[in-house]
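Asker: Following this message is one structure expressed as structure tokens.
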Amino acid sequence: MTQTDNVLTPVEFELQLTGIAHGGESVGRAEDGRVVFARYGIPGEQVTVRVDDPAPDARMWRGDVIAVHEASAHRVPHVWDSADPLKHGQEVPGGADFGHIELSHQRELKTRIVAEQLARIGGIDVNETDYRGVLPPLTDTDGGLGWRTRMAYAIDEQGRISMRQARSHTLIPTPRMPLQHPRLEALRLGEVDLTGLEKIELAVSNTDEPPLILAVPTVTETGETTRAARGSIKRLSQHVAGLTHNDGPANDAPAASIAILNQISGAASDGLGRVERVTGRTWLTQTANGYSYRVTGEGFWQIHSSAPETLMHDVMTYAEAQPGQRWLDLYAGAGLFTAALADAVGESGEVVSIEGAPGTHRDAKRNLKDAPQARIVQDRVEGALAQLGHKPRGVRNRNQRHAAIDGIVLDPPRAGAGKVAINRIVSLAPNRIVYVACDPAAFARDARQLVRSGYQLTSLTGRDLYPHTHHIETIALFTPKP
């Protein structure tokens, strides 16, 4: 390693990979004993790693595998050739960092990651609970491909749909993406000059409705759509019309609905933008286990095509909600779990659905309008919980705001619920807490707090709702300690 004028020179060295870390990186130790985290490897391999920022006094380094000398038996050809760094170098799009690992082994590694995070951060031994490991979704896609029902693409300076390079803001043109749903792939948006747009967001439902394209335009200082953006939307509309005419019978529905989302930053589901219809609808109908949901373009819905049915199944299995009970559904989105909980408790019970995002809250109100036992609240979870006091468990009048809580379902964002929300959940003393998490480390932090507050991790299931990536979904049941 050399250092010139405070600029570190990258180093390359051989490394034996011995473990897997949260975030999907394989782990090994350099000759000096330093821990090295390396992307694109598999535990058990002998590799060459490149470290671009080898700070001499750092306790750990992060690098990339650039050559494999002794390959794992679980290494396979990358499912997305364009994203294979061993073929194309490090300037490849992110989004499939496990694409070089056999699918069943991905799930074995994820099972280990969940257990290790709970042990290291949460102080919880999964061998002392009912841990089922990381399982496939109830309906698995062929080879773990084509599962993404929602995609977001940035638009580069040449007007091409693009994804960001991992750990970088560099945009990589992405004309095809094999993890996205076939009906999104069929839109062939890589053929359209989208100069003038900031990004596009795509969504497809599990009904026969056309997909929805949300175009986020560049705007003037006064918030008006620029001329370049208007031209781009016109080209996009013509492209979609051409697909409808050339790829199907004349009486087919449009190949896609198109809407404009006037929002400078954030995601569509933030609900802070204004959606304007261009053609078709500004919303989709989604179904799960016999329930139907309207989800607007700026609303939130699960990404994997089987995630809604899978998560509803797991949540309701753990909840065991009964008629007359009172449940909270926190970070409730469009009401995926609220609908099933409302049916389970019946009109003698109550479900309070709490969601902060305005657009998603409006979806929930529409979706639960025929369930009088469902109360839909728009508020930050911490604030809403502060309004819910606790009275003796004998109270069962759902018109009393402070009636006892039998159970709580929470599906927080990636950062987890956090100390304030967990403290307020514990103060309500529910008999069952069903926690849906998409980040094992954040979940482990919240689990540690729950255990220290008198709860035990009774059951835990992992679900591979993000195949060929390092991401993991977990569903956990906490009950009071005896």
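As shown in the structure tokens, the chain order sets the letters A, B, ...; within each chain, residues go from 1, and ligands are also counted from 1 in the order they appear.
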Excluding segment 224-239 of chain A and residues on its chain fewer than 2 positions from it, collect all residues at most 7 Å away from it, counting only C-alpha atoms, and give them as a list in words.

Answerer: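 The residues that qualify are Val192, Asp193, Leu194, Thr195, Gly196, Leu197, Pro217, Thr218, Val219, Thr220, Thr222, Ala241, Gly242 and Leu243 of chain A.
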
Asker: Identify all residues of segment 1-241 of chain A in alpha helix (DSSP H) (DSSP on the backbone) and supply them as a PyMOL selection string.

Answerer: chain A and resi 85-88+103-117+182-185+227-241

Asker: Take the residues from that selection and write them out as an mmCIF file, in the first residue's frame, keeping N, CA and C atoms.

Answerer:
data_model
loop_
_atom_site.group_PDB
_atom_site.id
_atom_site.type_symbol
_atom_site.label_atom_id
_atom_site.label_comp_id
_atom_site.auth_asym_id
_atom_site.auth_seq_id
_atom_site.Cartn_x
_atom_site.Cartn_y
_atom_site.Cartn_z
ATOM 1 N N PRO A 85 -19.804 -8.094 -12.002
ATOM 2 C CA PRO A 85 -18.573 -7.309 -11.903
ATOM 3 C C PRO A 85 -17.332 -8.088 -12.330
ATOM 4 N N LEU A 86 -17.360 -9.410 -12.247
ATOM 5 C CA LEU A 86 -16.204 -10.175 -12.678
ATOM 6 C C LEU A 86 -16.049 -10.150 -14.189
ATOM 7 N N LYS A 87 -17.123 -9.879 -14.909
ATOM 8 C CA LYS A 87 -17.057 -9.751 -16.363
ATOM 9 C C LYS A 87 -16.839 -8.317 -16.811
ATOM 10 N N HIS A 88 -17.482 -7.392 -16.128
ATOM 11 C CA HIS A 88 -17.568 -6.023 -16.637
ATOM 12 C C HIS A 88 -16.911 -4.986 -15.730
ATOM 13 N N LEU A 103 -29.571 -20.034 -5.792
ATOM 14 C CA LEU A 103 -30.697 -19.458 -5.058
ATOM 15 C C LEU A 103 -30.902 -20.128 -3.693
ATOM 16 N N SER A 104 -30.836 -21.450 -3.637
ATOM 17 C CA SER A 104 -31.042 -22.124 -2.354
ATOM 18 C C SER A 104 -29.946 -21.745 -1.359
ATOM 19 N N HIS A 105 -28.732 -21.533 -1.852
ATOM 20 C CA HIS A 105 -27.640 -21.149 -0.950
ATOM 21 C C HIS A 105 -27.789 -19.699 -0.507
ATOM 22 N N GLN A 106 -28.345 -18.842 -1.357
ATOM 23 C CA GLN A 106 -28.653 -17.486 -0.911
ATOM 24 C C GLN A 106 -29.489 -17.538 0.357
ATOM 25 N N ARG A 107 -30.486 -18.412 0.361
ATOM 26 C CA ARG A 107 -31.396 -18.496 1.504
ATOM 27 C C ARG A 107 -30.707 -19.073 2.728
ATOM 28 N N GLU A 108 -29.754 -19.983 2.513
ATOM 29 C CA GLU A 108 -28.969 -20.489 3.637
ATOM 30 C C GLU A 108 -28.117 -19.377 4.244
ATOM 31 N N LEU A 109 -27.489 -18.573 3.398
ATOM 32 C CA LEU A 109 -26.684 -17.461 3.899
ATOM 33 C C LEU A 109 -27.546 -16.440 4.633
ATOM 34 N N LYS A 110 -28.724 -16.157 4.098
ATOM 35 C CA LYS A 110 -29.617 -15.200 4.754
ATOM 36 C C LYS A 110 -30.099 -15.735 6.102
ATOM 37 N N THR A 111 -30.321 -17.040 6.182
ATOM 38 C CA THR A 111 -30.696 -17.648 7.458
ATOM 39 C C THR A 111 -29.605 -17.395 8.498
ATOM 40 N N ARG A 112 -28.346 -17.511 8.090
ATOM 41 C CA ARG A 112 -27.226 -17.250 8.994
ATOM 42 C C ARG A 112 -27.150 -15.781 9.375
ATOM 43 N N ILE A 113 -27.384 -14.906 8.413
ATOM 44 C CA ILE A 113 -27.294 -13.470 8.690
ATOM 45 C C ILE A 113 -28.305 -13.070 9.766
ATOM 46 N N VAL A 114 -29.542 -13.539 9.648
ATOM 47 C CA VAL A 114 -30.570 -13.199 10.637
ATOM 48 C C VAL A 114 -30.146 -13.684 12.019
ATOM 49 N N ALA A 115 -29.690 -14.941 12.107
ATOM 50 C CA ALA A 115 -29.281 -15.501 13.399
ATOM 51 C C ALA A 115 -28.118 -14.722 13.994
ATOM 52 N N GLU A 116 -27.139 -14.373 13.166
ATOM 53 C CA GLU A 116 -25.964 -13.664 13.664
ATOM 54 C C GLU A 116 -26.293 -12.247 14.106
ATOM 55 N N GLN A 117 -27.180 -11.571 13.402
ATOM 56 C CA GLN A 117 -27.563 -10.216 13.815
ATOM 57 C C GLN A 117 -28.319 -10.243 15.133
ATOM 58 N N PRO A 182 -42.238 -9.459 -15.751
ATOM 59 C CA PRO A 182 -42.243 -9.531 -17.223
ATOM 60 C C PRO A 182 -43.102 -8.469 -17.892
ATOM 61 N N ARG A 183 -44.185 -8.060 -17.252
ATOM 62 C CA ARG A 183 -45.041 -7.044 -17.875
ATOM 63 C C ARG A 183 -44.397 -5.663 -17.833
ATOM 64 N N LEU A 184 -43.484 -5.437 -16.905
ATOM 65 C CA LEU A 184 -42.714 -4.190 -16.914
ATOM 66 C C LEU A 184 -41.588 -4.281 -17.930
ATOM 67 N N GLU A 185 -40.954 -5.451 -18.006
ATOM 68 C CA GLU A 185 -39.893 -5.653 -19.002
ATOM 69 C C GLU A 185 -40.447 -5.467 -20.409
ATOM 70 N N ARG A 227 -40.198 22.304 -20.850
ATOM 71 C CA ARG A 227 -40.538 21.921 -22.226
ATOM 72 C C ARG A 227 -39.934 20.568 -22.571
ATOM 73 N N ALA A 228 -38.687 20.328 -22.112
ATOM 74 C CA ALA A 228 -38.049 19.042 -22.381
ATOM 75 C C ALA A 228 -38.840 17.902 -21.763
ATOM 76 N N ALA A 229 -39.361 18.107 -20.551
ATOM 77 C CA ALA A 229 -40.147 17.064 -19.899
ATOM 78 C C ALA A 229 -41.445 16.815 -20.646
ATOM 79 N N ARG A 230 -42.096 17.871 -21.124
ATOM 80 C CA ARG A 230 -43.337 17.678 -21.873
ATOM 81 C C ARG A 230 -43.079 16.891 -23.153
ATOM 82 N N GLY A 231 -41.938 17.178 -23.796
ATOM 83 C CA GLY A 231 -41.585 16.416 -24.994
ATOM 84 C C GLY A 231 -41.339 14.956 -24.672
ATOM 85 N N SER A 232 -40.696 14.704 -23.534
ATOM 86 C CA SER A 232 -40.426 13.338 -23.127
ATOM 87 C C SER A 232 -41.718 12.576 -22.867
ATOM 88 N N ILE A 233 -42.665 13.210 -22.198
ATOM 89 C CA ILE A 233 -43.939 12.544 -21.897
ATOM 90 C C ILE A 233 -44.711 12.262 -23.186
ATOM 91 N N LYS A 234 -44.584 13.158 -24.160
ATOM 92 C CA LYS A 234 -45.226 12.915 -25.452
ATOM 93 C C LYS A 234 -44.604 11.691 -26.139
ATOM 94 N N ARG A 235 -43.272 11.600 -26.118
ATOM 95 C CA ARG A 235 -42.604 10.436 -26.714
ATOM 96 C C ARG A 235 -42.972 9.153 -25.969
ATOM 97 N N LEU A 236 -43.066 9.240 -24.654
ATOM 98 C CA LEU A 236 -43.444 8.084 -23.862
ATOM 99 C C LEU A 236 -44.859 7.622 -24.220
ATOM 100 N N SER A 237 -45.772 8.570 -24.361
ATOM 101 C CA SER A 237 -47.155 8.227 -24.718
ATOM 102 C C SER A 237 -47.218 7.579 -26.093
ATOM 103 N N GLN A 238 -46.449 8.107 -27.034
ATOM 104 C CA GLN A 238 -46.437 7.525 -28.380
ATOM 105 C C GLN A 238 -45.852 6.117 -28.359
ATOM 106 N N HIS A 239 -44.818 5.914 -27.546
ATOM 107 C CA HIS A 239 -44.217 4.579 -27.440
ATOM 108 C C HIS A 239 -45.226 3.576 -26.880
ATOM 109 N N VAL A 240 -45.930 3.959 -25.822
ATOM 110 C CA VAL A 240 -46.927 3.071 -25.217
ATOM 111 C C VAL A 240 -48.049 2.784 -26.204
ATOM 112 N N ALA A 241 -48.491 3.799 -26.926
ATOM 113 C CA ALA A 241 -49.542 3.585 -27.924
ATOM 114 C C ALA A 241 -49.071 2.628 -29.013
#

Asker: For the contact check between segment 83-180 of chain A and segment 310-321 of chain A, emit one row per residue of segment 83-180 of chain A within 8 Å, containing the shortest atom pair and the distance in Å rounded to one decimal, counting only C-alpha atoms, chain then rising number order, as CSV.

Answerer:
residue,atom,partner,partner_atom,distance
A:Pro137,CA,A:Thr310,CA,5.9
A:Leu138,CA,A:Thr310,CA,5.5
A:Thr139,CA,A:Thr310,CA,7.9

Asker: Please save C-alpha atoms of the selected residues as a tab-separated table (two decimals), in the first residue's frame.

Answerer:
chain	number	residue	atom	x	y	z
A	137	PRO	CA	-42.32	-16.91	-0.66
A	138	LEU	CA	-45.53	-18.92	-0.88
A	139	THR	CA	-45.43	-18.52	-4.65

Asker: Of the candidates A:Ile422, A:Leu171, A:Leu428, A:Val49, which one gets nearest to Ala67 of chain A if we count only C-alpha atoms?

Answerer: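 Checking each candidate against Ala67 of chain A, we get A:Val49 as the closest.
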
Asker: Could you check which of A:Val27, A:Ala119, A:Ala374, A:Val68 is closest to Ala441 of chain A, using only C-alpha atoms?

Answerer: A:Ala119

Asker: Calculated over only C-alpha atoms, which of the candidates A:Tyr455, A:Trp327, A:Tyr293, A:Phe37 has the smallest distance to Asn367 of chain A?

Answerer: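 Closest candidate: A:Tyr293.
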
Asker: Atom CA of Val47 of chain A and atom CA of His69 of chain A are how many Å apart?

Answerer: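 Result for atom CA of Val47 of chain A versus atom CA of His69 of chain A: 5.4 Å, one decimal.
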
Asker: Compare A:Ala384, A:Arg375, A:Ala307, A:Arg362 by their minimum atom-to-atom distance to Pro136 of chain A, counting only C-alpha atoms, and give me the closest one.

Answerer: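 Residue with the minimum atom-to-atom distance to Pro136 of chain A: A:Ala307.
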